[in-house]
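**Student:** This structure is in structure tokens; I'll ask about it shortly.
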Amino acid sequence: MTKYRINKTKFVDQTKTVSFTFDGKKYHGFEGDTLASALLSNGIHLVGRSFKYHRPRGIMSCGSEEPNAICQINDNTDLTEPNVRATEIELYEGLKASSQNCWPSLNFDIGGINNLISPFIPAGFYYKTFMWPKSFWKKIYEPLIRLSAGLGKSPTQPDPDIYDHKHEHCDVLVIGGGISGIISAKMAAKNNLKTILIEDKNILGGSTIYQNNKNFIIDNQKSNEWLMNEISELEKLDNLIIKTRTSLAAFHSYNYLLAKENISDHLPLDKKNGSIRQRLWKIRADKVIVAAGAIERPLIFNNNDRPGIILANSVKKYLDFYGVSTGLNNIIFTNNDSAYETAVSLFEKGISVKIVDIRKKSSSNIVKDAEDLGIKIYWNSTVVNTFGYKKIKSIEIMNLSEDGSNVTGNKHKIQCDCLSISGGWTPMVHMHTQSGGKLDFREIDQVFVPTEKNENHINVGSCNGDFELEEIVKNTNNKVKKFLNINEGGFDKISVLCSKESEKKNIWLLPNTISESKTKSFIDFQNDSTAKDIKLALREGFKSIEHVKRYTTTGMATDQGKLSNMHALGIIADTAGAEMGTLGTTTFRPPFTPLTFGAIVGRSVGKFFDIVRKTSIHEWHVQNNAKFENVGQWKRPWYYPISNENLHLAVQRESKAARDSAGILDASTLGKIDIQGSDASEFLNRVYTNAWSKLGIGKCRYGLMLNEDGMVYDDGVTTRLGENHYLMTTTTGGAANVLSKLEDYLQTEWPELDVYLTSVTDHYSTASICGPNSKKILKKLFPNKDFSDEAFPHMSYQDAIIDKIECRIMRISFTGELSYEINVESKYGKSLWENCIAAGEEYKITPYGTETMHLLRAEKGFIIVGQDTDGTMTPIDLQMDWIVSKKKYDFIGKRSLYRSDTMREDRKQLVGLLTDDPNEILEEGAQIVSELNKKPVEMIGHVTSSYFSPNLNKSIALAVVKGGKKMNGQKLFVPMENKNINVTVSDFIFLDKENKRINA
Amino acid sequence: MFVINCPYCGERDQSEFSCGGEAHIVRPKQPTELSDDEWAEYLFMRKNIKGVQFERWNHTHGCRKWFNMVRDTSNDKIHAVYKMGEKPPVI
């Protein structure tokens, strides 16, 4: 045993040694230790440097509230994790921990110079200093600030760990496995309710489990022994799930909660391998019982941050739970009785202990015990200073004046190697408020306690403001009985004896002889904000707690101000002369403790990140060397390079082939909606801008769909399959939204229409064959069919059979070429495609991808919704007046086309652009200007589509330009980083304006 | 994350639904008769109440049905759920 491991407990197995390193040096602890308890057992208090002043800092607590002991774990591996609280991580063989925020080393940190210049860097220093000179910002200030910002190092490699999600439903969820949580869980489970109990530590029992004191008796047993029995009974219950190492992350409305279970964080590296690291539980509970406990408050006095200054009840836990003494010459500084339990415990283990108490007296049992043991108590006293740079060596105390606002008498110096502080308790109301609960301020002991209004959750134990054992047990029993509507609680006749606190006194900022500006009384230890920073903020006019918090950064560190928030509030109230209850608190936001990204995303990483949709022809594309493009969730062939072709060369070849002979495109991804019903034609009339009533059966028509604001929403060809039957196609990316929009109108605005919509996108596969030889290929595929223009004209459809398989052939064109689209049931898609390729072989049929499709349609001046439009383009802006019916009384968006704004003539309008140098290809998105010398340069439009056309042998582009309709022939400029490109506005139909090719 | 009682399917998780904004705004029967201001009132103006609000919701990842819901936006309490076309309840 080491010098500081002075006690044997049942919670740490001292027969099992575990070795670990801290800052490269090897140490030993035992199974059951946390990193913090193991470090303390080796006499190590100094574990990090503070964020701003780089002051040496030590372990201060034993839980999630720890502000100082945050470490980098397993540095320089892909498993590394920053900002891990040493007080929470369980020790395992081979654990490598290192300190953060210090350079070159923890013991000698250059940044410590900040402590000396601290008078010059008060709160708001950044806002005040880095204002001028302006030129300094980019080259000097910003790089410097970035260098000093942030804590720890992010991993540079992908996270190798596996994470999991689990959905769970239960009747009762109990949060917290302390005494009140255990009582609650037992009552719920015994009454046949499916119950889950979660506890963030590795064992149940909270602080009672190591409360081995004769003043705390339940049913004639010491409270720890009684609880031990309760836990062993609890573990036998069938309808109770107990999850240790599981911490609540968030408590959302309707009792939806997220909890993170640590599965392998505490295991040695070789046992972690392949195991799930953490599991995120998504719990929907009928009732929630919060038993989250309370956090001990520090006291705020000058130099209250030295290593060796530790919360009093944490000192007790290190001693009675881990068997580790935090010092051999301890002083306790307190304003309440609970720290006396620590004093008695220390004394019983033979450790020298003295008490400094700001109260004048206290007559409770536990205080009497301390006095009877002969422990020296300095009543009505306060600490005014502490000494020792890397570890506390001594303190100075003084008497308090009558009202506690000042100090009197002489300074008295006392030697020590540990100062245990206790400023009372703060109920953990985070869960309650996250779920929407409100708080009341309780004046007598200055705490915010939950206001019980929500019928589906309650708070029990110390998180409800019940601090004394008797209160905790009895109130929990009564509240849970009422909440769960049960008659017999099982704890009705229990007898509880405990020490009761009779005297209460609280001073948020303890007085001193020296002026405040010369003291460093830390409130937020991690972010280094002090009492004087808070007061400065108030003097500078900040009033709201939310503003003071952000200006001083109090409560904004990784611990989220678990220790600091109440003191900040208290000092604001005292300084401003306000009632604390009226100030309110800052907002408690999830997660309660930091949550790993891995736990949040669970299994949705890599190929499971999103759904991938593939057409039935996908395999063929892969075998034929296609490069793919993501279109929504679809994988679409982008281009099919041959040998070493790049995108440009492949697209030039594909485009030329499609116009010179034949090309084939997998068009299966286009959205398809089956529309049936006696009002189908009327429905289409209302949703499209053009007229549909007179479309003959077997005919196809292009339609443009607007939003109610008149802006183009989607487009596509719709085919009339029968009297009351249509097949609508939509853009690939817009399919789901179009269906949703159509359903919305049908269900809410026009419920009288007899129309049924079914998404059939995945039901059919489509091969689109275009080019002058396409008709010949179709003839080979369907030898019995008449493909003459008279029998099968453009914009019509016919049923056909291929290999005994029914198919639909539409003669429609998105390229401007003679073109046919063959649709078959998806399962036959690949065979259809292979037949087409075989039939087209003699014409060198060329498969082409989306890039070539885009180029071909741009040559013809066809828009792509979402590329040439952006939700601000009307059909008039797109020069598509021809498709807007003047005769129809109404359609979606019609009225908006006559709003004063949509009728403006200087709106951005679709135009063609030709570069003066035909080999110059514009960049899509490039800005367009009319005058280069006018400052500021006015942007009048931008390029939406741009390609080099192999068929026209020149660069072409589509663009939207203010008032572009009337600018044909005008010279404009596209300024780029290194040059200005001269362009001329042109017609946006670059090829075959007369539509000769469609009927070639 | 609330639980919504879809009038067609029963209680389901909020993640299955999407909100379609304020309810009971009827599309004008004769839009062409409206002035720009009147049309703009229909098209753009929506209430954003802190308190009880009547909303349209869609069971997007379920039955795809639209329905109405009365929700208190200050605490997310759902007071009523009713089908399209039904009279709004008095809250």
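Starting from 1 in every chain, residues are counted up; chains themselves are A, B, ... following the order of the structure tokens, and ligands are numbered from 1 as listed.
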Give me the residues near Met84 (chain B) as a list in words, where near means some atom within 7 Å (using only C-alpha atoms) and where sequence neighbours in that chain fewer than 4 positions away do not count.
**Tutor:** Thr748 of chain A; Trp66, Phe67 and Asn68 of chain B
**Student:** With only C-alpha atoms considered, list every residue of chain A at most 10 Å from chain B, as an mmCIF file with N, CA and C atoms, in the first residue's frame.
**Tutor:**
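Generated output (part.cif):
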data_model
loop_
_atom_site.group_PDB
_atom_site.id
_atom_site.type_symbol
_atom_site.label_atom_id
_atom_site.label_comp_id
_atom_site.auth_asym_id
_atom_site.auth_seq_id
_atom_site.Cartn_x
_atom_site.Cartn_y
_atom_site.Cartn_z
ATOM 1 N N PHE A 251 -33.397 14.647 -21.030
ATOM 2 C CA PHE A 251 -34.767 14.359 -20.606
ATOM 3 C C PHE A 251 -35.668 15.268 -21.441
ATOM 4 N N HIS A 252 -36.217 14.710 -22.520
ATOM 5 C CA HIS A 252 -37.069 15.503 -23.407
ATOM 6 C C HIS A 252 -38.523 15.413 -22.982
ATOM 7 N N SER A 253 -39.353 16.179 -23.661
ATOM 8 C CA SER A 253 -40.760 16.197 -23.305
ATOM 9 C C SER A 253 -41.402 14.835 -23.583
ATOM 10 N N TYR A 254 -42.553 14.620 -23.024
ATOM 11 C CA TYR A 254 -43.290 13.360 -23.157
ATOM 12 C C TYR A 254 -42.451 12.169 -22.668
ATOM 13 N N ASN A 255 -41.669 12.421 -21.631
ATOM 14 C CA ASN A 255 -40.864 11.356 -21.022
ATOM 15 C C ASN A 255 -40.039 10.564 -22.021
ATOM 16 N N TYR A 256 -39.431 11.268 -22.945
ATOM 17 C CA TYR A 256 -38.502 10.628 -23.872
ATOM 18 C C TYR A 256 -37.094 10.965 -23.389
ATOM 19 N N LEU A 257 -36.333 9.925 -23.059
ATOM 20 C CA LEU A 257 -35.035 10.175 -22.436
ATOM 21 C C LEU A 257 -33.915 9.447 -23.167
ATOM 22 N N ARG A 284 -38.655 5.531 -23.733
ATOM 23 C CA ARG A 284 -39.948 6.207 -23.572
ATOM 24 C C ARG A 284 -40.575 5.601 -22.318
ATOM 25 N N SER A 435 -36.798 18.743 -18.857
ATOM 26 C CA SER A 435 -38.085 18.205 -19.286
ATOM 27 C C SER A 435 -39.163 19.280 -19.292
ATOM 28 N N GLY A 436 -38.780 20.501 -18.944
ATOM 29 C CA GLY A 436 -39.735 21.602 -18.964
ATOM 30 C C GLY A 436 -40.207 22.015 -17.582
ATOM 31 N N GLY A 437 -39.664 21.385 -16.548
ATOM 32 C CA GLY A 437 -40.077 21.707 -15.175
ATOM 33 C C GLY A 437 -39.563 23.070 -14.725
ATOM 34 N N GLU A 708 -47.469 27.651 -54.617
ATOM 35 C CA GLU A 708 -48.529 28.668 -54.559
ATOM 36 C C GLU A 708 -47.947 30.076 -54.733
ATOM 37 N N ASP A 709 -46.661 30.236 -54.497
ATOM 38 C CA ASP A 709 -46.044 31.556 -54.670
ATOM 39 C C ASP A 709 -45.626 31.817 -56.114
ATOM 40 N N SER A 740 -45.926 14.301 -51.720
ATOM 41 C CA SER A 740 -46.400 14.858 -50.460
ATOM 42 C C SER A 740 -47.245 16.118 -50.700
ATOM 43 N N GLU A 743 -50.609 15.112 -52.247
ATOM 44 C CA GLU A 743 -51.466 14.547 -51.201
ATOM 45 C C GLU A 743 -52.049 15.654 -50.328
ATOM 46 N N ASP A 744 -51.216 16.634 -50.015
ATOM 47 C CA ASP A 744 -51.645 17.746 -49.172
ATOM 48 C C ASP A 744 -52.874 18.433 -49.805
ATOM 49 N N TYR A 745 -52.764 18.774 -51.097
ATOM 50 C CA TYR A 745 -53.885 19.458 -51.749
ATOM 51 C C TYR A 745 -55.112 18.560 -51.825
ATOM 52 N N LEU A 746 -54.879 17.284 -52.140
ATOM 53 C CA LEU A 746 -56.013 16.356 -52.270
ATOM 54 C C LEU A 746 -56.756 16.181 -50.954
ATOM 55 N N GLN A 747 -55.972 16.051 -49.879
ATOM 56 C CA GLN A 747 -56.606 15.752 -48.595
ATOM 57 C C GLN A 747 -57.183 16.980 -47.906
ATOM 58 N N THR A 748 -56.545 18.134 -48.144
ATOM 59 C CA THR A 748 -56.942 19.289 -47.334
ATOM 60 C C THR A 748 -57.721 20.349 -48.112
ATOM 61 N N GLU A 749 -57.379 20.580 -49.368
ATOM 62 C CA GLU A 749 -58.059 21.640 -50.117
ATOM 63 C C GLU A 749 -59.169 21.094 -51.014
ATOM 64 N N TRP A 750 -58.918 19.920 -51.630
ATOM 65 C CA TRP A 750 -59.885 19.398 -52.606
ATOM 66 C C TRP A 750 -60.318 17.976 -52.244
ATOM 67 N N PRO A 751 -60.823 17.775 -51.030
ATOM 68 C CA PRO A 751 -61.207 16.406 -50.648
ATOM 69 C C PRO A 751 -62.353 15.877 -51.508
ATOM 70 N N TYR A 889 -59.048 28.867 -65.240
ATOM 71 C CA TYR A 889 -59.465 29.831 -64.223
ATOM 72 C C TYR A 889 -58.460 29.860 -63.073
ATOM 73 N N ASP A 890 -57.951 28.680 -62.736
ATOM 74 C CA ASP A 890 -57.060 28.612 -61.569
ATOM 75 C C ASP A 890 -56.134 27.410 -61.699
ATOM 76 N N PHE A 891 -54.960 27.518 -61.153
ATOM 77 C CA PHE A 891 -54.082 26.377 -60.901
ATOM 78 C C PHE A 891 -53.127 26.814 -59.804
ATOM 79 N N ILE A 892 -52.434 25.874 -59.201
ATOM 80 C CA ILE A 892 -51.565 26.231 -58.071
ATOM 81 C C ILE A 892 -50.507 27.235 -58.527
ATOM 82 N N GLY A 893 -50.508 28.393 -57.930
ATOM 83 C CA GLY A 893 -49.499 29.408 -58.237
ATOM 84 C C GLY A 893 -49.944 30.448 -59.237
ATOM 85 N N LYS A 894 -51.103 30.267 -59.843
ATOM 86 C CA LYS A 894 -51.516 31.189 -60.912
ATOM 87 C C LYS A 894 -51.614 32.629 -60.416
ATOM 88 N N ARG A 895 -52.317 32.804 -59.281
ATOM 89 C CA ARG A 895 -52.533 34.175 -58.824
ATOM 90 C C ARG A 895 -51.208 34.893 -58.562
ATOM 91 N N SER A 896 -50.217 34.132 -58.110
ATOM 92 C CA SER A 896 -48.944 34.766 -57.757
ATOM 93 C C SER A 896 -48.194 35.285 -58.981
ATOM 94 N N TYR A 898 -49.297 37.176 -61.048
ATOM 95 C CA TYR A 898 -49.739 38.551 -61.313
ATOM 96 C C TYR A 898 -49.505 39.465 -60.134
ATOM 97 N N ARG A 899 -48.665 39.021 -59.207
ATOM 98 C CA ARG A 899 -48.273 39.923 -58.123
ATOM 99 C C ARG A 899 -47.311 40.957 -58.685
ATOM 100 N N SER A 900 -47.289 42.139 -58.062
ATOM 101 C CA SER A 900 -46.443 43.206 -58.606
ATOM 102 C C SER A 900 -44.987 42.747 -58.667
ATOM 103 N N ASP A 901 -44.572 41.941 -57.701
ATOM 104 C CA ASP A 901 -43.163 41.543 -57.660
ATOM 105 C C ASP A 901 -42.834 40.530 -58.756
#
**Student:** Pick from B:Cys63, B:Cys6, B:Ile78, B:Val90: nearest to Gly51 (chain B), with only C-alpha atoms counted?
**Tutor:** B:Ile78
**Student:** Just asking: which residues within chain B are alpha helix (DSSP H) according to DSSP, as a ChimeraX atom specification?
**Tutor:** /B:36-44
**Student:** From the list B:Gly62, B:Asp72, B:Lys47, B:Ala23, which residue is nearest Lys87 (chain B) when using only C-alpha atoms?
**Tutor:** B:Ala23
**Student:** Between A:Ile777, A:Ile331, A:Ile812, A:Met566, which one has atoms that come closest to Cys418 (chain A), using only C-alpha atoms?
**Tutor:**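 The shortest atom-to-atom distance to Cys418 (chain A) comes from A:Ile331.
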**Student:** With only C-alpha atoms as the counted atoms, please give the residues lying no more than 9 Å from region 87-97 of chain A, apart from itself and same-chain residues fewer than 6 positions off, as a ChimeraX atom specification.
**Tutor:** /A:17-24,29-38,59-66,69-75,201-202,265-269
**Student:** Those same residues - C-alpha atoms - I'd like them written as a PDB file, in the first residue's frame.
**Tutor:**
ATOM      1  CA  THR A  17      -3.076  -4.227  -8.914  1.00  0.00           C
ATOM      2  CA  VAL A  18      -3.632  -2.177 -12.050  1.00  0.00           C
ATOM      3  CA  SER A  19      -0.834  -0.230 -13.700  1.00  0.00           C
ATOM      4  CA  PHE A  20      -1.327   2.957 -15.665  1.00  0.00           C
ATOM      5  CA  THR A  21       0.658   5.973 -16.793  1.00  0.00           C
ATOM      6  CA  PHE A  22       0.126   9.648 -16.173  1.00  0.00           C
ATOM      7  CA  ASP A  23       2.183  12.079 -18.264  1.00  0.00           C
ATOM      8  CA  GLY A  24       4.348   9.137 -19.292  1.00  0.00           C
ATOM      9  CA  GLY A  29      -3.746   1.557  -8.470  1.00  0.00           C
ATOM     10  CA  PHE A  30      -6.301  -1.148  -7.795  1.00  0.00           C
ATOM     11  CA  GLU A  31      -9.313  -2.607  -9.487  1.00  0.00           C
ATOM     12  CA  GLY A  32     -12.252  -0.407  -8.524  1.00  0.00           C
ATOM     13  CA  ASP A  33     -10.240   2.827  -8.537  1.00  0.00           C
ATOM     14  CA  THR A  34     -10.984   5.772 -10.739  1.00  0.00           C
ATOM     15  CA  LEU A  35      -8.041   7.504 -12.365  1.00  0.00           C
ATOM     16  CA  ALA A  36      -8.483  10.261  -9.772  1.00  0.00           C
ATOM     17  CA  SER A  37      -8.455   7.968  -6.738  1.00  0.00           C
ATOM     18  CA  ALA A  38      -5.435   6.122  -8.106  1.00  0.00           C
ATOM     19  CA  ILE A  59      -8.488  17.029  -8.344  1.00  0.00           C
ATOM     20  CA  MET A  60     -11.377  18.809  -6.709  1.00  0.00           C
ATOM     21  CA  SER A  61     -14.287  16.403  -6.637  1.00  0.00           C
ATOM     22  CA  CYS A  62     -15.186  12.780  -7.233  1.00  0.00           C
ATOM     23  CA  GLY A  63     -17.846  13.039  -9.931  1.00  0.00           C
ATOM     24  CA  SER A  64     -19.162  14.588 -13.119  1.00  0.00           C
ATOM     25  CA  GLU A  65     -18.896  18.093 -11.668  1.00  0.00           C
ATOM     26  CA  GLU A  66     -15.089  17.935 -11.772  1.00  0.00           C
ATOM     27  CA  ALA A  69      -8.998  16.949 -13.467  1.00  0.00           C
ATOM     28  CA  ILE A  70      -9.705  16.599 -17.170  1.00  0.00           C
ATOM     29  CA  CYS A  71      -7.258  14.471 -19.121  1.00  0.00           C
ATOM     30  CA  GLN A  72      -6.331  13.323 -22.557  1.00  0.00           C
ATOM     31  CA  ILE A  73      -6.766   9.549 -22.626  1.00  0.00           C
ATOM     32  CA  ASN A  74      -4.577   7.282 -24.781  1.00  0.00           C
ATOM     33  CA  ASP A  75      -2.865  10.161 -26.572  1.00  0.00           C
ATOM     34  CA  LYS A 201     -21.385   4.809 -11.343  1.00  0.00           C
ATOM     35  CA  ASN A 202     -20.283   1.180 -11.533  1.00  0.00           C
ATOM     36  CA  ASP A 265     -14.702   2.119 -21.400  1.00  0.00           C
ATOM     37  CA  HIS A 266     -13.550   0.543 -18.154  1.00  0.00           C
ATOM     38  CA  LEU A 267     -11.995  -2.543 -19.775  1.00  0.00           C
ATOM     39  CA  PRO A 268      -8.294  -3.007 -20.545  1.00  0.00           C
ATOM     40  CA  LEU A 269      -7.349  -2.303 -24.163  1.00  0.00           C
TER      41      LEU A 269
END
**Student:** How many Å lie between CA of Ala370 (chain A) and CA of Lys354 (chain A), rounded to one decimal?
**Tutor:** 9.8 Å
**Student:** Could you tell me how far CA of Asn773 (chain A) lies from CA of Lys635 (chain A), in Å and to one decimal?
**Tutor:**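 Straight-line distance from CA of Asn773 (chain A) to CA of Lys635 (chain A) works out to 28.1 Å.
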**Student:** Can you work out which one of A:Val384, A:Leu914, A:Ala123, A:Val447 has the shortest atom-to-atom distance to Lys535 (chain A), counting only C-alpha atoms?
**Tutor:**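 For Lys535 (chain A), the nearest of the candidates is A:Ala123.
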**Student:** Could you give me, as a compact mmCIF listing (two decimals) with N, CA and C atoms, in the first residue's frame, the residues within 8 Å of Lys243 (chain A), counting only C-alpha atoms and dropping anything in the same chain fewer than 5 positions from it?
**Tutor:**
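In the end it all went to out27.txt:
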# COMPACT_ATOMS: atom_id res chain seq x y z
N ILE A 196 -36.98 0.45 -14.99
CA ILE A 196 -35.55 0.52 -15.31
C ILE A 196 -34.89 1.47 -14.32
N LEU A 197 -33.79 1.04 -13.75
CA LEU A 197 -33.02 1.89 -12.84
C LEU A 197 -31.67 2.14 -13.48
N ILE A 198 -31.32 3.42 -13.70
CA ILE A 198 -30.01 3.70 -14.27
C ILE A 198 -29.15 4.46 -13.26
N GLU A 199 -27.86 4.14 -13.28
CA GLU A 199 -26.92 4.72 -12.32
C GLU A 199 -25.61 4.95 -13.07
N GLU A 261 -24.90 4.27 -21.98
CA GLU A 261 -24.33 3.17 -21.20
C GLU A 261 -22.89 2.95 -21.63
